[in-house]
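Text of model23.cif, listed as mmCIF, C-alpha atoms and all ligand atoms:
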data_target
#
loop_
_atom_site.label_atom_id
_atom_site.label_comp_id
_atom_site.auth_asym_id
_atom_site.auth_seq_id
_atom_site.Cartn_x
_atom_site.Cartn_y
_atom_site.Cartn_z
CA MET A 700 113.77 5.40 33.58
CA HIS A 701 117.32 4.56 32.58
CA THR A 702 118.50 4.88 36.19
CA ARG A 703 115.62 2.65 37.30
CA GLN A 704 116.53 0.22 34.51
CA GLU A 705 113.02 0.62 33.14
CA LYS A 706 112.88 0.03 29.38
CA ILE A 707 112.18 3.16 27.37
CA THR A 708 109.49 2.94 24.70
CA MET A 709 109.72 5.07 21.61
CA LEU A 710 107.44 5.11 18.59
CA THR A 711 107.23 7.31 15.54
CA ALA A 712 104.26 9.54 14.76
CA HIS A 713 103.82 11.88 11.83
CA ASP A 714 100.56 13.69 12.52
CA PHE A 715 97.95 14.52 15.16
CA PRO A 716 96.08 11.16 15.21
CA SER A 717 99.19 8.97 15.20
CA ALA A 718 100.70 11.09 17.99
CA HIS A 719 97.47 11.02 19.96
CA ILE A 720 97.21 7.21 19.88
CA ALA A 721 100.90 6.74 20.78
CA ASP A 722 100.60 9.20 23.66
CA THR A 723 97.32 7.73 24.89
CA SER A 724 98.91 4.26 24.81
CA GLY A 725 101.64 5.39 27.20
CA ILE A 726 104.61 5.62 24.83
CA ASP A 727 107.50 7.46 26.53
CA ILE A 728 109.07 9.17 23.51
CA VAL A 729 107.22 10.09 20.33
CA LEU A 730 109.60 10.49 17.42
CA VAL A 731 108.75 12.53 14.37
CA GLY A 732 111.25 10.62 12.28
CA ASP A 733 112.27 11.63 8.80
CA SER A 734 110.83 8.25 7.78
CA LEU A 735 107.69 10.36 7.38
CA ALA A 736 109.14 11.04 3.92
CA MET A 737 108.12 7.52 2.87
CA VAL A 738 105.29 6.67 5.27
CA ALA A 739 103.35 9.94 5.15
CA LEU A 740 104.53 11.94 2.15
CA GLY A 741 105.07 9.17 -0.39
CA TYR A 742 108.66 10.16 -1.19
CA ALA A 743 111.07 7.47 -2.33
CA ASP A 744 113.55 8.16 0.48
CA THR A 745 114.31 10.54 3.32
CA SER A 746 116.56 12.81 1.26
CA GLU A 747 113.57 14.75 -0.13
CA VAL A 748 112.12 15.76 3.21
CA THR A 749 112.71 19.43 4.07
CA LEU A 750 112.92 21.32 7.34
CA GLU A 751 109.60 22.97 6.44
CA ASP A 752 108.01 19.50 6.01
CA MET A 753 109.36 18.49 9.41
CA LEU A 754 108.12 21.66 11.10
CA LEU A 755 104.58 21.18 9.82
CA HIS A 756 104.46 17.54 10.94
CA CYS A 757 106.15 18.22 14.28
CA ARG A 758 103.56 20.90 15.12
CA SER A 759 100.77 18.49 14.33
CA VAL A 760 102.38 15.76 16.48
CA ALA A 761 102.96 18.22 19.34
CA ARG A 762 99.23 18.99 19.40
CA GLY A 763 98.47 15.25 19.65
CA ALA A 764 101.01 14.21 22.30
CA GLN A 765 100.47 15.82 25.67
CA SER A 766 102.55 13.54 27.92
CA ALA A 767 105.28 11.93 25.82
CA PHE A 768 108.66 13.53 25.25
CA ILE A 769 108.67 14.63 21.61
CA VAL A 770 111.76 14.33 19.46
CA GLY A 771 111.95 15.53 15.86
CA ASP A 772 114.45 14.49 13.23
CA LEU A 773 116.64 17.18 11.73
CA PRO A 774 116.33 16.32 8.05
CA MET A 775 119.27 15.84 5.73
CA GLY A 776 120.78 19.19 4.74
CA SER A 777 119.54 21.06 7.80
CA TYR A 778 122.44 20.37 10.19
CA GLU A 779 125.54 18.88 8.56
CA ILE A 780 127.08 22.08 7.18
CA SER A 781 128.09 23.67 10.47
CA PRO A 782 127.27 23.69 14.18
CA GLU A 783 125.64 27.11 13.62
CA GLN A 784 123.37 25.73 10.88
CA ALA A 785 122.44 22.81 13.14
CA LEU A 786 121.65 25.09 16.08
CA SER A 787 119.55 27.40 13.94
CA SER A 788 117.54 24.41 12.59
CA ALA A 789 117.22 22.89 16.07
CA ILE A 790 115.92 26.19 17.47
CA ARG A 791 113.26 26.29 14.72
CA MET A 792 112.29 22.70 15.57
CA VAL A 793 111.73 23.72 19.19
CA LYS A 794 110.14 27.15 18.64
CA GLU A 795 108.04 26.36 15.56
CA GLY A 796 107.82 22.56 15.61
CA ARG A 797 107.16 22.45 19.38
CA VAL A 798 109.41 19.42 19.92
CA GLN A 799 111.42 18.93 23.11
CA GLY A 800 114.49 17.38 21.52
CA VAL A 801 116.05 16.75 18.12
CA LYS A 802 117.55 13.67 16.55
CA MET A 803 120.40 13.72 14.09
CA GLU A 804 122.10 10.99 12.16
CA GLY A 805 125.82 10.41 12.19
CA GLY A 806 128.60 9.37 14.53
CA GLU A 807 131.90 10.85 15.63
CA GLU A 808 131.89 13.55 12.93
CA MET A 809 128.73 14.99 14.49
CA ALA A 810 130.38 15.68 17.88
CA PRO A 811 130.92 19.45 17.40
CA ILE A 812 127.35 19.79 16.14
CA ILE A 813 125.86 17.82 19.04
CA GLU A 814 127.93 19.88 21.45
CA LYS A 815 126.73 23.16 19.98
CA VAL A 816 123.06 22.17 20.08
CA THR A 817 123.12 20.61 23.56
CA LYS A 818 125.05 23.57 25.00
CA ALA A 819 122.22 25.79 23.79
CA GLY A 820 119.90 23.65 25.93
CA ILE A 821 118.30 21.50 23.24
CA PRO A 822 118.46 17.77 24.00
CA VAL A 823 119.99 15.71 21.20
CA LEU A 824 119.29 12.08 20.39
CA ALA A 825 122.12 10.72 18.28
CA HIS A 826 121.31 8.11 15.65
CA ARG A 827 124.06 5.73 14.68
CA GLN A 828 122.99 4.57 11.22
CA ASN A 829 124.95 2.65 8.67
CA ALA A 830 126.83 5.22 6.58
CA LEU A 831 125.63 3.35 3.52
CA GLY A 832 122.02 3.89 4.59
CA GLY A 833 119.27 1.31 4.21
CA PHE A 834 119.04 -1.54 6.63
CA ARG A 835 122.52 -3.00 6.30
CA VAL A 836 123.74 -4.51 9.52
CA GLN A 837 126.65 -2.70 11.17
CA GLY A 838 129.01 -4.02 13.84
CA LYS A 839 129.20 -7.50 12.35
CA ASN A 840 132.96 -7.75 12.75
CA THR A 841 135.34 -6.49 15.44
CA ALA A 842 136.48 -3.40 13.52
CA SER A 843 132.95 -2.36 12.68
CA ALA A 844 131.65 -3.08 16.21
CA LEU A 845 134.52 -1.00 17.68
CA ARG A 846 133.52 1.83 15.31
CA VAL A 847 129.91 1.71 16.60
CA LEU A 848 131.22 1.79 20.20
CA ALA A 849 133.62 4.68 19.47
CA ASP A 850 130.81 6.67 17.85
CA ALA A 851 128.49 6.04 20.79
CA LEU A 852 131.14 7.11 23.32
CA THR A 853 131.88 10.25 21.30
CA VAL A 854 128.25 11.36 20.98
CA GLN A 855 127.78 10.67 24.70
CA GLN A 856 130.81 12.87 25.44
CA ALA A 857 129.41 15.55 23.14
CA GLY A 858 126.23 15.70 25.21
CA ALA A 859 123.68 13.44 23.48
CA PHE A 860 121.03 12.25 25.96
CA ALA A 861 120.67 8.87 24.23
CA VAL A 862 121.79 7.07 21.10
CA VAL A 863 119.75 5.04 18.62
CA LEU A 864 121.51 1.84 17.57
CA GLU A 865 120.10 0.56 14.29
CA ALA A 866 120.69 -2.88 12.82
CA VAL A 867 123.45 -3.99 15.17
CA PRO A 868 123.88 -7.62 16.31
CA PRO A 869 122.26 -7.94 19.76
CA PRO A 870 125.39 -9.03 21.69
CA VAL A 871 127.30 -6.03 20.29
CA ALA A 872 124.47 -3.62 21.19
CA THR A 873 124.20 -5.13 24.68
CA LEU A 874 127.92 -4.76 25.35
CA ILE A 875 127.92 -1.18 24.01
CA THR A 876 124.90 -0.37 26.20
CA SER A 877 126.80 -1.60 29.26
CA LYS A 878 129.73 0.72 28.44
CA LEU A 879 127.62 3.90 28.17
CA ARG A 880 126.15 6.23 30.78
CA ILE A 881 123.37 7.31 28.44
CA PRO A 882 120.58 4.99 27.28
CA THR A 883 120.64 3.19 23.95
CA ILE A 884 117.44 2.95 21.92
CA GLY A 885 117.52 -0.11 19.71
CA ILE A 886 115.92 -0.76 16.36
CA GLY A 887 117.03 -4.13 15.09
CA ALA A 888 119.62 -4.23 17.89
CA GLY A 889 118.13 -6.79 20.27
CA ALA A 890 116.68 -6.74 23.76
CA GLY A 891 119.83 -5.60 25.55
CA CYS A 892 119.32 -1.93 24.65
CA SER A 893 117.85 0.50 27.18
CA GLY A 894 114.77 1.01 25.03
CA GLN A 895 113.23 0.26 21.65
CA VAL A 896 111.89 2.28 18.74
CA LEU A 897 109.71 1.22 15.82
CA VAL A 898 108.05 3.04 12.96
CA GLN A 899 104.36 3.18 13.88
CA VAL A 900 102.90 2.38 10.46
CA ASP A 901 105.14 -0.69 10.21
CA MET A 902 104.23 -2.15 13.60
CA LEU A 903 100.54 -1.39 13.09
CA GLY A 904 100.47 -3.14 9.72
CA ASN A 905 99.33 -0.03 7.90
CA PHE A 906 100.53 -1.13 4.47
CA PRO A 907 99.29 -3.78 2.04
CA PRO A 908 100.63 -7.31 2.37
CA GLY A 909 103.81 -7.84 0.41
CA ARG A 910 105.42 -4.52 1.35
CA PHE A 911 109.04 -4.94 2.43
CA LEU A 912 109.50 -4.83 6.17
CA PRO A 913 112.92 -5.13 7.81
CA LYS A 914 113.49 -8.37 9.75
CA PHE A 915 113.38 -6.58 13.10
CA VAL A 916 109.83 -5.27 12.68
CA LYS A 917 107.12 -7.11 14.57
CA LYS A 918 103.64 -6.48 13.18
CA TYR A 919 101.32 -5.95 16.14
CA GLY A 920 98.24 -5.17 14.08
CA ASP A 921 96.60 -5.27 10.66
CA VAL A 922 95.37 -1.72 10.24
CA TRP A 923 95.50 -2.05 6.45
CA GLY A 924 93.22 -5.12 6.54
CA GLU A 925 90.77 -3.52 8.96
CA ALA A 926 90.71 -0.19 7.10
CA LYS A 927 90.20 -1.94 3.76
CA ARG A 928 87.37 -4.05 5.15
CA ALA A 929 85.66 -0.93 6.54
CA ILE A 930 86.10 1.16 3.38
CA GLU A 931 84.83 -1.67 1.16
CA SER A 932 81.73 -2.07 3.40
CA TYR A 933 81.08 1.67 3.16
CA ARG A 934 81.41 1.56 -0.63
CA GLU A 935 79.06 -1.45 -0.88
CA GLU A 936 76.49 0.14 1.40
CA VAL A 937 76.47 3.45 -0.51
CA LYS A 938 76.15 1.62 -3.85
CA GLY A 939 73.40 -0.59 -2.42
CA GLY A 940 71.46 2.27 -0.79
CA VAL A 941 71.97 0.80 2.68
CA TYR A 942 73.95 3.77 3.99
CA PRO A 943 72.91 6.28 5.18
CA GLY A 944 70.05 4.76 7.17
CA VAL A 945 67.20 6.62 8.87
CA GLU A 946 69.25 6.66 12.08
CA HIS A 947 71.97 8.73 10.38
CA GLY A 948 69.63 11.61 9.45
CA TYR A 949 68.31 14.65 11.29
CA ALA A 950 64.65 14.81 12.28
CA MET A 951 62.26 17.56 11.10
CA PRO A 952 58.70 17.92 12.39
CA GLU A 953 56.32 16.53 9.75
CA LYS A 954 54.27 19.73 9.85
CA GLU A 955 57.35 21.82 9.03
CA PHE A 956 58.26 19.54 6.17
CA GLU A 957 54.71 19.73 4.76
CA GLU A 958 54.93 23.52 4.85
CA PHE A 959 58.32 23.41 3.14
CA ARG A 960 56.99 21.06 0.45
CA ARG A 961 54.06 23.37 -0.26
CA ALA A 962 56.40 26.42 -0.36
CA VAL A 963 58.64 24.63 -2.86
CA GLU A 964 55.67 23.71 -5.04
CA ASP A 965 54.36 27.29 -4.97
CA THR A 966 57.80 28.70 -5.85
CA MET A 967 58.41 26.20 -8.61
CA LYS A 968 55.00 26.57 -10.29
O1 LIG A 1001 113.02 8.26 10.81
C1 LIG A 1001 112.72 7.36 11.61
O2 LIG A 1001 111.57 6.94 11.74
C2 LIG A 1001 113.80 6.82 12.44
C3 LIG A 1001 113.53 5.54 13.18
C4 LIG A 1001 113.68 4.40 12.23
C5 LIG A 1001 114.40 5.42 14.36
O3 LIG A 1001 114.85 7.36 12.46
#
Encoded form using structure tokens:
Amino acid sequence: MHTRQEKITMLTAHDFPSAHIADTSGIDIVLVGDSLAMVALGYADTSEVTLEDMLLHCRSVARGAQSAFIVGDLPMGSYEISPEQALSSAIRMVKEGRVQGVKMEGGEEMAPIIEKVTKAGIPVLAHRQNALGGFRVQGKNTASALRVLADALTVQQAGAFAVVLEAVPPPVATLITSKLRIPTIGIGAGAGCSGQVLVQVDMLGNFPPGRFLPKFVKKYGDVWGEAKRAIESYREEVKGGVYPGVEHGYAMPEKEFEEFRRAVEDTMK
């Protein structure tokens, strides 16, 4: 796709149904991001998510996505200590999580780790995030933009198959993209990247109005509104005796029921 200059689509999924819908909708790469900490597990941030959590969710996603390339995040603490630790975690992600590639956060300092994992045959997606975390924009001045470029060139050299650029001014991301052989996947980095990624629950509008969403998120749906409407109707109909209707029940021949009724009466006498 990159060679053909076709934009690469990437979307997160954290379980079987979200993977199934992304895959069925033709998404190229399904990412089991560690954002599942907040969007699926209710943790305050990604630091709580464990490798075991990731493995469980990756397996579920792998069962739901038959065509897309599946990438799983190596969670914090599972790869930073040494290249050997990273390789061992990456192997578990492939063998037990059934993903086809792993993503890891960091820049230049991750080069030996990326090299170790890619040399073992596991594709690595590098994720250039702001060292301070959160959604702070990086690359807003020359020094910072040069740092983003240097990191991208280093992870490319180390063997990463692509790099995620997060919260980078679009002209900077576009120029960096033009200087790389590998594709860039943007999130809050403008249209000049080789592809885009979003968190599925954010773009679907899966959360109540008023929840913070980064500026770069476009809401393509209102799943929260639709789900709430449906659940409230169900509640009302159960309370009001409207649901279940006759059409939701299973038929029994009247004669059989009469026999059953008589048997009950005889037993209960
Ligand atoms: O964890 C995640 O969902 C991510 C995306 C924001 C790229 O890393």
So which residues are close to (112.4, 16.2, 15.1), meaning at most 6 Å away in the file's coordinates with all atoms listed in the file counted, and can you show them as JSON, numbers by chain?
{"A": [731, 770, 771, 772, 773, 801, 802]}
Compare A:Val941, A:Leu750, A:Leu845, A:Val867 by their minimum atom-to-atom distance to Gln828 in chain A, counting only C-alpha atoms, and give me the closest one.
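Using only C-alpha atoms, the shortest distance to Gln828 in chain A belongs to A:Val867.
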Around ligand LIG 1001 (chain A), out to 6 Å and counting all atoms listed in the file, which residues are there? I want them as a list of chain:residue names.
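Checked against 6 Å with all atoms listed in the file; the hits are A:Thr711, A:Gly732, A:Asp733, A:Ser734, A:Val896, A:Val898.
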Name the residues in contact with range 868-876 of chain A at a cut-off of 7 Å, using all atoms listed in the file, excluding same-chain residues fewer than 2 positions from it; report them as a PyMOL selection string.
chain A and resi 838-839+844+848+866+878-879+882-883+888-892
May I have the selected residues written with C-alpha atoms, as a PDB file, keeping the file's coordinate frame?
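Everything below was put into result-v9.pdb:
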ATOM      1  CA  GLY A 838     129.010  -4.020  13.840  1.00  0.00           C
ATOM      2  CA  LYS A 839     129.200  -7.500  12.350  1.00  0.00           C
ATOM      3  CA  ALA A 844     131.650  -3.080  16.210  1.00  0.00           C
ATOM      4  CA  LEU A 848     131.220   1.790  20.200  1.00  0.00           C
ATOM      5  CA  ALA A 866     120.690  -2.880  12.820  1.00  0.00           C
ATOM      6  CA  LYS A 878     129.730   0.720  28.440  1.00  0.00           C
ATOM      7  CA  LEU A 879     127.620   3.900  28.170  1.00  0.00           C
ATOM      8  CA  PRO A 882     120.580   4.990  27.280  1.00  0.00           C
ATOM      9  CA  THR A 883     120.640   3.190  23.950  1.00  0.00           C
ATOM     10  CA  ALA A 888     119.620  -4.230  17.890  1.00  0.00           C
ATOM     11  CA  GLY A 889     118.130  -6.790  20.270  1.00  0.00           C
ATOM     12  CA  ALA A 890     116.680  -6.740  23.760  1.00  0.00           C
ATOM     13  CA  GLY A 891     119.830  -5.600  25.550  1.00  0.00           C
ATOM     14  CA  CYS A 892     119.320  -1.930  24.650  1.00  0.00           C
TER      15      CYS A 892
END
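Closest to Phe715 in chain A among A:Leu735, A:Val862, A:Ala764, A:Leu740 is A:Ala764, based on only C-alpha atoms.
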For Cys757 in chain A: contacts at 10 Å, all atoms listed in the file, fewer than 5 positions along chain excluded, given as a PDB file with C-alpha atoms, in the coordinates of the input:
ATOM      1  CA  ALA A 712     104.260   9.540  14.760  1.00  0.00           C
ATOM      2  CA  HIS A 713     103.820  11.880  11.830  1.00  0.00           C
ATOM      3  CA  ASP A 714     100.560  13.690  12.520  1.00  0.00           C
ATOM      4  CA  PHE A 715      97.950  14.520  15.160  1.00  0.00           C
ATOM      5  CA  ALA A 718     100.700  11.090  17.990  1.00  0.00           C
ATOM      6  CA  LEU A 730     109.600  10.490  17.420  1.00  0.00           C
ATOM      7  CA  VAL A 731     108.750  12.530  14.370  1.00  0.00           C
ATOM      8  CA  GLY A 732     111.250  10.620  12.280  1.00  0.00           C
ATOM      9  CA  GLU A 751     109.600  22.970   6.440  1.00  0.00           C
ATOM     10  CA  ASP A 752     108.010  19.500   6.010  1.00  0.00           C
ATOM     11  CA  ARG A 762      99.230  18.990  19.400  1.00  0.00           C
ATOM     12  CA  GLY A 763      98.470  15.250  19.650  1.00  0.00           C
ATOM     13  CA  ILE A 769     108.670  14.630  21.610  1.00  0.00           C
ATOM     14  CA  VAL A 770     111.760  14.330  19.460  1.00  0.00           C
ATOM     15  CA  GLY A 771     111.950  15.530  15.860  1.00  0.00           C
ATOM     16  CA  ASP A 772     114.450  14.490  13.230  1.00  0.00           C
ATOM     17  CA  MET A 792     112.290  22.700  15.570  1.00  0.00           C
ATOM     18  CA  VAL A 793     111.730  23.720  19.190  1.00  0.00           C
ATOM     19  CA  GLU A 795     108.040  26.360  15.560  1.00  0.00           C
ATOM     20  CA  GLY A 796     107.820  22.560  15.610  1.00  0.00           C
ATOM     21  CA  ARG A 797     107.160  22.450  19.380  1.00  0.00           C
ATOM     22  CA  VAL A 798     109.410  19.420  19.920  1.00  0.00           C
TER      23      VAL A 798
END
Here CA of Arg835 in chain A and CA of Asp744 in chain A stand apart by 15.5 Å
Using CA of Gln856 in chain A and CA of Ser777 in chain A as the two end points, give the distance in Å to one decimal.
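Going from CA of Gln856 in chain A over to CA of Ser777 in chain A covers 22.5 Å.
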Give me the residues near range 914-918 of chain A as a PyMOL selection string, where near means some atom within 8 Å (using only C-alpha atoms) and where sequence neighbours in that chain fewer than 6 positions away do not count.
chain A and resi 886-887+897+901-904
